[in-house]
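S.K.: Here you go, this is structure15.pdb (PDB, C-alpha atoms, pLDDT in the B column).
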```
ATOM      1  CA  MET O   1       0.340 -13.782  -6.299  1.00 81.00           C
ATOM      2  CA  ALA O   2       1.083 -14.089 -10.021  1.00 85.00           C
ATOM      3  CA  ARG O   3       4.663 -14.910 -11.007  1.00 89.00           C
ATOM      4  CA  ASN O   4       6.811 -11.968 -12.143  1.00 87.00           C
ATOM      5  CA  GLY O   5       7.393 -13.333 -15.641  1.00 90.00           C
ATOM      6  CA  MET O   6       3.649 -13.515 -16.349  1.00 94.00           C
ATOM      7  CA  SER O   7       2.769  -9.809 -16.525  1.00 92.00           C
ATOM      8  CA  ASN O   8       2.994  -9.503 -20.332  1.00 93.00           C
ATOM      9  CA  LEU O   9       1.011 -12.710 -20.861  1.00 96.00           C
ATOM     10  CA  LEU O  10      -1.646 -11.630 -18.361  1.00 95.00           C
ATOM     11  CA  THR O  11      -2.005  -8.238 -20.052  1.00 94.00           C
ATOM     12  CA  ARG O  12      -2.373  -9.833 -23.472  1.00 96.00           C
ATOM     13  CA  VAL O  13      -4.972 -12.372 -22.317  1.00 96.00           C
ATOM     14  CA  ARG O  14      -6.902  -9.618 -20.525  1.00 94.00           C
ATOM     15  CA  SER O  15      -7.176  -7.749 -23.821  1.00 94.00           C
ATOM     16  CA  MET O  16      -8.380 -10.922 -25.561  1.00 96.00           C
ATOM     17  CA  VAL O  17     -11.182 -11.428 -23.024  1.00 95.00           C
ATOM     18  CA  ASP O  18     -12.230  -7.777 -22.685  1.00 92.00           C
ATOM     19  CA  ASP O  19     -11.047  -7.588 -19.083  1.00 91.00           C
ATOM     20  CA  ALA O  20      -9.056  -4.367 -19.106  1.00 78.00           C
ATOM     21  CA  GLY O  21     -11.165  -2.033 -17.013  1.00 70.00           C
ATOM     22  CA  THR O  22     -13.335  -3.906 -14.552  1.00 68.00           C
ATOM     23  CA  ALA O  23     -11.014  -6.843 -13.814  1.00 78.00           C
ATOM     24  CA  VAL O  24     -13.368  -9.797 -13.983  1.00 89.00           C
ATOM     25  CA  TRP O  25     -10.430 -12.038 -13.037  1.00 92.00           C
ATOM     26  CA  SER O  26      -7.591 -11.421 -10.624  1.00 92.00           C
ATOM     27  CA  ASP O  27      -4.032 -11.974 -11.862  1.00 93.00           C
ATOM     28  CA  ASP O  28      -3.916 -15.226  -9.899  1.00 94.00           C
ATOM     29  CA  GLN O  29      -7.127 -16.474 -11.486  1.00 94.00           C
ATOM     30  CA  LEU O  30      -5.939 -15.636 -15.000  1.00 95.00           C
ATOM     31  CA  GLN O  31      -2.560 -17.208 -14.294  1.00 96.00           C
ATOM     32  CA  ASP O  32      -4.377 -20.396 -13.268  1.00 96.00           C
ATOM     33  CA  VAL O  33      -6.214 -20.361 -16.607  1.00 97.00           C
ATOM     34  CA  LEU O  34      -2.946 -19.783 -18.479  1.00 97.00           C
ATOM     35  CA  ASP O  35      -1.229 -22.568 -16.539  1.00 96.00           C
ATOM     36  CA  GLN O  36      -3.822 -24.987 -17.904  1.00 96.00           C
ATOM     37  CA  HIS O  37      -2.694 -24.010 -21.414  1.00 96.00           C
ATOM     38  CA  LYS O  38       1.071 -24.205 -21.114  1.00 95.00           C
ATOM     39  CA  LEU O  39       3.563 -26.391 -22.874  1.00 94.00           C
ATOM     40  CA  ARG O  40       6.838 -27.425 -21.291  1.00 94.00           C
ATOM     41  CA  VAL O  41       9.556 -26.872 -23.867  1.00 95.00           C
ATOM     42  CA  TRP O  42      12.575 -28.911 -22.802  1.00 95.00           C
ATOM     43  CA  ARG O  43      15.943 -28.436 -24.519  1.00 95.00           C
ATOM     44  CA  GLU O  44      14.457 -27.551 -27.883  1.00 97.00           C
ATOM     45  CA  ARG O  45      17.250 -27.161 -30.409  1.00 97.00           C
ATOM     46  CA  LEU O  46      16.884 -23.629 -31.685  1.00 97.00           C
ATOM     47  CA  GLY O  47      16.986 -22.869 -35.373  1.00 96.00           C
ATOM     48  CA  MET O  48      19.909 -20.580 -36.119  1.00 95.00           C
ATOM     49  CA  GLU O  49      19.920 -17.731 -38.553  1.00 94.00           C
ATOM     50  CA  LYS O  50      23.045 -17.235 -40.651  1.00 92.00           C
ATOM     51  CA  THR O  51      23.612 -13.539 -41.323  1.00 91.00           C
ATOM     52  CA  ARG O  52      26.057 -12.323 -43.948  1.00 91.00           C
ATOM     53  CA  VAL O  53      28.036  -9.410 -42.481  1.00 88.00           C
ATOM     54  CA  SER O  54      30.332  -8.937 -45.487  1.00 90.00           C
ATOM     55  CA  THR O  55      31.161 -10.829 -48.657  1.00 90.00           C
ATOM     56  CA  SER O  56      33.384 -13.233 -46.735  1.00 90.00           C
ATOM     57  CA  THR O  57      31.998 -13.100 -43.176  1.00 91.00           C
ATOM     58  CA  THR O  58      28.865 -14.559 -41.607  1.00 91.00           C
ATOM     59  CA  GLU O  59      27.525 -14.436 -38.068  1.00 94.00           C
ATOM     60  CA  TYR O  60      25.257 -16.588 -35.974  1.00 95.00           C
ATOM     61  CA  LYS O  61      23.509 -14.347 -33.482  1.00 95.00           C
ATOM     62  CA  ARG O  62      19.794 -14.914 -34.004  1.00 96.00           C
ATOM     63  CA  TYR O  63      18.107 -18.147 -32.916  1.00 97.00           C
ATOM     64  CA  HIS O  64      14.445 -19.154 -33.298  1.00 97.00           C
ATOM     65  CA  SER O  65      12.155 -21.413 -31.295  1.00 97.00           C
ATOM     66  CA  ARG O  66       9.201 -23.004 -33.020  1.00 96.00           C
ATOM     67  CA  TRP O  67       7.119 -21.835 -30.069  1.00 96.00           C
ATOM     68  CA  GLY O  68       6.308 -18.386 -28.725  1.00 96.00           C
ATOM     69  CA  ASP O  69       4.485 -16.660 -25.893  1.00 97.00           C
ATOM     70  CA  TYR O  70       7.050 -17.732 -23.301  1.00 96.00           C
ATOM     71  CA  GLU O  71       6.989 -16.896 -19.629  1.00 95.00           C
ATOM     72  CA  GLU O  72       9.697 -14.293 -19.195  1.00 92.00           C
ATOM     73  CA  ALA O  73      12.897 -14.963 -17.330  1.00 84.00           C
ATOM     74  CA  THR O  74      13.073 -12.958 -14.152  1.00 75.00           C
ATOM     75  CA  SER O  75      15.817 -12.856 -11.581  1.00 58.00           C
ATOM     76  CA  GLY O  76      16.049 -16.118  -9.712  1.00 53.00           C
ATOM     77  CA  THR O  77      13.621 -18.061 -11.927  1.00 59.00           C
ATOM     78  CA  ALA O  78      14.226 -21.058 -14.121  1.00 66.00           C
ATOM     79  CA  TYR O  79      11.288 -20.565 -16.470  1.00 82.00           C
ATOM     80  CA  PHE O  80      13.394 -19.600 -19.503  1.00 91.00           C
ATOM     81  CA  GLN O  81      16.874 -20.996 -20.055  1.00 93.00           C
ATOM     82  CA  VAL O  82      19.250 -20.974 -23.003  1.00 95.00           C
ATOM     83  CA  GLU O  83      22.138 -23.421 -22.972  1.00 95.00           C
ATOM     84  CA  ASP O  84      24.675 -25.001 -25.311  1.00 94.00           C
ATOM     85  CA  SER O  85      24.933 -28.705 -26.174  1.00 92.00           C
ATOM     86  CA  SER O  86      27.132 -29.332 -23.112  1.00 93.00           C
ATOM     87  CA  GLY O  87      24.418 -27.980 -20.831  1.00 92.00           C
ATOM     88  CA  ASN O  88      26.259 -24.748 -20.034  1.00 93.00           C
ATOM     89  CA  GLN O  89      23.613 -22.135 -19.368  1.00 93.00           C
ATOM     90  CA  ARG O  90      23.882 -18.772 -21.096  1.00 92.00           C
ATOM     91  CA  GLY O  91      23.234 -15.852 -18.805  1.00 88.00           C
ATOM     92  CA  THR O  92      20.612 -13.239 -19.589  1.00 86.00           C
ATOM     93  CA  ALA O  93      23.441 -10.741 -20.179  1.00 90.00           C
ATOM     94  CA  ASP O  94      24.504 -12.880 -23.166  1.00 93.00           C
ATOM     95  CA  TYR O  95      21.248 -12.488 -25.071  1.00 95.00           C
ATOM     96  CA  THR O  96      18.055 -10.542 -25.587  1.00 95.00           C
ATOM     97  CA  ALA O  97      14.837 -12.550 -25.773  1.00 95.00           C
ATOM     98  CA  ASP O  98      11.682 -11.770 -27.688  1.00 96.00           C
ATOM     99  CA  TYR O  99       9.414 -13.922 -25.547  1.00 96.00           C
ATOM    100  CA  ILE O 100       6.367 -13.355 -27.732  1.00 96.00           C
ATOM    101  CA  ARG O 101       7.977 -14.583 -30.952  1.00 97.00           C
ATOM    102  CA  GLY O 102      10.444 -17.038 -29.383  1.00 97.00           C
ATOM    103  CA  VAL O 103      13.511 -15.320 -30.834  1.00 97.00           C
ATOM    104  CA  ILE O 104      16.877 -15.132 -29.062  1.00 97.00           C
ATOM    105  CA  GLU O 105      19.362 -12.472 -30.148  1.00 97.00           C
ATOM    106  CA  MET O 106      22.841 -13.291 -28.838  1.00 96.00           C
ATOM    107  CA  ALA O 107      25.153 -10.396 -27.938  1.00 96.00           C
ATOM    108  CA  ALA O 108      28.109 -11.999 -29.730  1.00 95.00           C
ATOM    109  CA  ASP O 109      28.569 -14.286 -32.724  1.00 95.00           C
ATOM    110  CA  GLN O 110      28.075 -17.919 -31.696  1.00 94.00           C
ATOM    111  CA  GLY O 111      30.010 -19.344 -34.654  1.00 91.00           C
ATOM    112  CA  GLY O 112      27.225 -21.792 -35.471  1.00 88.00           C
ATOM    113  CA  THR O 113      27.079 -23.282 -31.963  1.00 93.00           C
ATOM    114  CA  ALA O 114      23.911 -25.260 -31.313  1.00 96.00           C
ATOM    115  CA  LEU O 115      21.776 -23.651 -28.605  1.00 97.00           C
ATOM    116  CA  PHE O 116      18.876 -25.183 -26.719  1.00 97.00           C
ATOM    117  CA  LEU O 117      15.898 -23.564 -25.026  1.00 96.00           C
ATOM    118  CA  SER O 118      13.867 -24.713 -22.046  1.00 95.00           C
ATOM    119  CA  GLY O 119      10.847 -22.815 -20.799  1.00 95.00           C
ATOM    120  CA  TRP O 120       7.080 -22.563 -20.588  1.00 95.00           C
ATOM    121  CA  SER O 121       5.210 -21.600 -23.755  1.00 96.00           C
ATOM    122  CA  TYR O 122       1.563 -20.577 -23.403  1.00 97.00           C
ATOM    123  CA  ASP O 123      -1.417 -20.994 -25.694  1.00 98.00           C
ATOM    124  CA  LEU O 124      -3.050 -17.603 -25.256  1.00 98.00           C
ATOM    125  CA  ALA O 125      -5.925 -18.416 -27.621  1.00 98.00           C
ATOM    126  CA  GLY O 126      -6.724 -21.588 -25.666  1.00 98.00           C
ATOM    127  CA  ALA O 127      -6.669 -19.654 -22.397  1.00 98.00           C
ATOM    128  CA  ALA O 128      -8.886 -16.928 -23.866  1.00 98.00           C
ATOM    129  CA  ALA O 129     -11.384 -19.540 -25.096  1.00 98.00           C
ATOM    130  CA  GLN O 130     -11.553 -21.044 -21.608  1.00 97.00           C
ATOM    131  CA  ALA O 131     -11.981 -17.615 -20.004  1.00 97.00           C
ATOM    132  CA  TRP O 132     -14.829 -16.732 -22.403  1.00 96.00           C
ATOM    133  CA  ARG O 133     -16.531 -20.059 -21.585  1.00 96.00           C
ATOM    134  CA  GLU O 134     -16.207 -19.292 -17.875  1.00 94.00           C
ATOM    135  CA  ARG O 135     -17.674 -15.845 -18.441  1.00 93.00           C
ATOM    136  CA  ALA O 136     -20.562 -17.390 -20.384  1.00 93.00           C
ATOM    137  CA  GLY O 137     -21.263 -19.578 -17.365  1.00 90.00           C
ATOM    138  CA  LYS O 138     -21.311 -16.532 -15.088  1.00 89.00           C
ATOM    139  CA  VAL O 139     -23.889 -14.731 -17.236  1.00 86.00           C
ATOM    140  CA  SER O 140     -25.995 -17.797 -18.086  1.00 84.00           C
ATOM    141  CA  SER O 141     -28.737 -16.678 -15.708  1.00 83.00           C
ATOM    142  CA  TYR O 142     -29.175 -13.333 -17.465  1.00 80.00           C
ATOM    143  CA  TYR O 143     -32.567 -12.974 -19.090  1.00 79.00           C
ATOM    144  CA  ASP O 144     -34.338 -10.454 -21.291  1.00 82.00           C
ATOM    145  CA  VAL O 145     -36.486  -7.767 -19.665  1.00 83.00           C
ATOM    146  CA  LYS O 146     -39.311  -5.722 -21.197  1.00 86.00           C
ATOM    147  CA  ALA O 147     -40.713  -2.788 -19.285  1.00 88.00           C
ATOM    148  CA  ASP O 148     -42.420   0.461 -20.256  1.00 88.00           C
ATOM    149  CA  GLY O 149     -41.778  -0.098 -23.963  1.00 85.00           C
ATOM    150  CA  HIS O 150     -38.053  -0.745 -23.425  1.00 86.00           C
ATOM    151  CA  THR O 151     -36.279  -4.049 -23.995  1.00 83.00           C
ATOM    152  CA  LEU O 152     -33.053  -5.154 -22.344  1.00 79.00           C
ATOM    153  CA  SER O 153     -31.660  -8.197 -24.163  1.00 82.00           C
ATOM    154  CA  ARG O 154     -29.273  -9.481 -21.521  1.00 79.00           C
ATOM    155  CA  SER O 155     -29.249 -12.961 -23.081  1.00 83.00           C
ATOM    156  CA  GLN O 156     -27.143 -11.521 -25.901  1.00 88.00           C
ATOM    157  CA  TRP O 157     -24.226 -11.293 -23.476  1.00 88.00           C
ATOM    158  CA  MET O 158     -24.073 -15.086 -23.034  1.00 88.00           C
ATOM    159  CA  ARG O 159     -24.368 -15.645 -26.784  1.00 91.00           C
ATOM    160  CA  HIS O 160     -21.531 -13.171 -27.324  1.00 91.00           C
ATOM    161  CA  CYS O 161     -19.338 -14.996 -24.760  1.00 93.00           C
ATOM    162  CA  VAL O 162     -19.968 -18.362 -26.420  1.00 95.00           C
ATOM    163  CA  GLN O 163     -19.172 -16.921 -29.859  1.00 96.00           C
ATOM    164  CA  MET O 164     -15.917 -15.398 -28.594  1.00 96.00           C
ATOM    165  CA  ALA O 165     -14.980 -18.739 -26.988  1.00 96.00           C
ATOM    166  CA  GLU O 166     -15.520 -20.433 -30.357  1.00 97.00           C
ATOM    167  CA  VAL O 167     -13.393 -17.827 -32.148  1.00 97.00           C
ATOM    168  CA  TYR O 168     -10.440 -18.327 -29.808  1.00 97.00           C
ATOM    169  CA  ALA O 169     -10.912 -22.115 -29.617  1.00 96.00           C
ATOM    170  CA  SER O 170     -10.484 -22.259 -33.400  1.00 96.00           C
ATOM    171  CA  GLN O 171      -7.139 -20.454 -33.035  1.00 96.00           C
ATOM    172  CA  ALA O 172      -5.885 -22.544 -30.101  1.00 96.00           C
ATOM    173  CA  ARG O 173      -3.136 -25.143 -30.305  1.00 94.00           C
ATOM    174  CA  PRO O 174      -4.344 -28.670 -30.870  1.00 89.00           C
ATOM    175  CA  THR O 175      -4.677 -30.702 -27.691  1.00 80.00           C
ATOM    176  CA  VAL O 176      -2.702 -33.924 -27.683  1.00 75.00           C
ATOM    177  CA  VAL O 177      -3.380 -36.608 -25.127  1.00 73.00           C
ATOM    178  CA  ARG O 178      -1.942 -40.061 -24.643  1.00 70.00           C
ATOM    179  CA  ALA O 179      -4.461 -42.868 -24.477  1.00 71.00           C
ATOM    180  CA  TRP O 180      -4.458 -44.716 -21.166  1.00 66.00           C
ATOM    181  CA  GLN O 181      -5.939 -48.158 -20.893  1.00 68.00           C
ATOM    182  CA  ASP O 182      -5.632 -50.883 -18.247  1.00 67.00           C
ATOM    183  CA  GLY O 183      -2.828 -49.074 -16.426  1.00 62.00           C
ATOM    184  CA  VAL O 184      -0.478 -48.783 -19.411  1.00 60.00           C
ATOM    185  CA  PHE O 185       0.005 -46.238 -22.145  1.00 57.00           C
ATOM    186  CA  ASP O 186      -1.517 -47.282 -25.457  1.00 56.00           C
ATOM    187  CA  ASN O 187       1.754 -46.902 -27.360  1.00 56.00           C
ATOM    188  CA  GLU O 188       3.904 -49.054 -25.029  1.00 53.00           C
TER
END
```
Output the structure of this file as structure tokens.

M.R.:
Amino acid sequence: MARNGMSNLLTRVRSMVDDAGTAVWSDDQLQDVLDQHKLRVWRERLGMEKTRVSTSTTEYKRYHSRWGDYEEATSGTAYFQVEDSSGNQRGTADYTADYIRGVIEMAADQGGTALFLSGWSYDLAGAAAQAWRERAGKVSSYYDVKADGHTLSRSQWMRHCVQMAEVYASQARPTVVRAWQDGVFDNE
């Protein structure tokens, strides 16, 4: 069963792969695809936004991650955590999160305190590209039919899937891998 914090991400990927009505993939299957395109963000120092409240007063309530499309925090999960430099975790009552944009809005002024974010950020375009490639594989046996003066061009469906995969692949995050040779990492 798909994790609770994945519902928004699953809905958004479904719309990207034209899977709203017929449900080509189950939630578990789409979550597996998304999990192959996730990035572990670990104690990222959030950028803070200084807001002028009056001519002599400023506040620090809004913080920004350089990533977005986070798995949402749900009760009892550790998929999205905000903490200070001492490692003290901020409770979800202390802030409102925009998981899509990676923006944290604190309930009270933080006085310029550094905050850190840990969580899972997903590459929705990469997941959509993979899903379109999988769909292309499923329809690869479709062929064109001509009968009684009518033509059904089923092969267009595979071509469409491949084109959509290319569109989303061009929008996906770059893939970074570490070279492995003779049992050691290349950069060691």

S.K.: Care to translate the PyMOL selection byres ((chain O and resi 141) around 12) into actual residues of this file, as a list in words?

M.R.: Arg135, Ala136, Gly137, Lys138, Val139, Ser140, Tyr142, Tyr143, Asp144, Arg154, Ser155, Gln156, Trp157, Met158 and Arg159 of chain O

S.K.: Just checking: using all atoms listed in the file, which residue out of O:Leu39, O:Val145, O:Ala131, O:Ser86 ends up closest to O:Trp25?

M.R.: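 Using all atoms listed in the file, the shortest distance to O:Trp25 belongs to O:Ala131.
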
S.K.: Can you tell me how far atom CA of O:Tyr168 sits from atom CA of O:Glu71, in Å to one decimal?

M.R.: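 If I compute the distance from atom CA of O:Tyr168 to atom CA of O:Glu71, I get 20.2 Å.
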
S.K.: Check which residues satisfy the PyMOL selection byres ((chain O and resi 41-49) around 10) in the file shown, then give them as JSON, numbers by chain.

M.R.: {"O": [38, 39, 40, 50, 51, 52, 58, 59, 60, 61, 62, 63, 64, 65, 66, 67, 70, 79, 80, 81, 82, 83, 84, 85, 87, 102, 103, 104, 105, 110, 112, 113, 114, 115, 116, 117, 118, 119, 120, 121]}

S.K.: In file coordinates, which residues lie within 10 Å of (9.7, -10.8, -27.2) using all atoms listed in the file, given as a list in words?

M.R.: Asn8, Gly68, Asp69, Tyr70, Glu72, Thr96, Ala97, Asp98, Tyr99, Ile100, Arg101, Gly102, Val103 and Ile104 of chain O

S.K.: What does the distance between atom CA of O:Gln89 and atom CA of O:Asn4 come to in Å, to one decimal place?

M.R.: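 Distance between the two atoms: 20.9 Å.
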
S.K.: Put a box with edges along x, y and z around all the listed atoms of stretch 45-62 of chain O, pad it by 5 Å on each side, then give me its centre and sizes in Å, one decimal, as lines of an AutoDock Vina configuration file.

M.R.:
```
center_x = 25.1
center_y = -18.0
center_z = -39.5
size_x = 26.5
size_y = 28.2
size_z = 28.2
```

S.K.: Taking 5 positions as the minimum chain separation for residues in the same chain, which residues sit within 7 Å of O:Ala169 when counting all atoms listed in the file? Answer as a PyMOL selection string.

M.R.: chain O and resi 125-126+129

S.K.: Could you save those same residues with C-alpha atoms as a short mmCIF file (atom, residue, chain, number, x, y, z; two decimals), in the frame of the given file?

M.R.:
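For reference, result27.cif as written:
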```
data_model
loop_
_atom_site.label_atom_id
_atom_site.label_comp_id
_atom_site.auth_asym_id
_atom_site.auth_seq_id
_atom_site.Cartn_x
_atom_site.Cartn_y
_atom_site.Cartn_z
CA ALA O 125 -5.92 -18.42 -27.62
CA GLY O 126 -6.72 -21.59 -25.67
CA ALA O 129 -11.38 -19.54 -25.10
#
```

S.K.: Could you give me, as number ranges by chain, the residues within 12 Å of O:Ala23, counting all atoms listed in the file and dropping anything in the same chain fewer than 6 positions from it?

M.R.: O: 10-11, 13-15, 17, 29-30

S.K.: Go through O:Leu9, O:Ala73, O:Asn88, O:Thr57 one by one, measure the shortest atom-to-atom distance of each to O:Gly111 using all atoms listed in the file, and give the residue with the smallest value.

M.R.: O:Thr57

S.K.: For the structure provided, state which residues fall under the PyMOL selection byres ((chain O and resi 172) around 10), and present them as a VMD selection string.

M.R.: chain O and resid 37 123 to 129 166 to 171 173 to 175
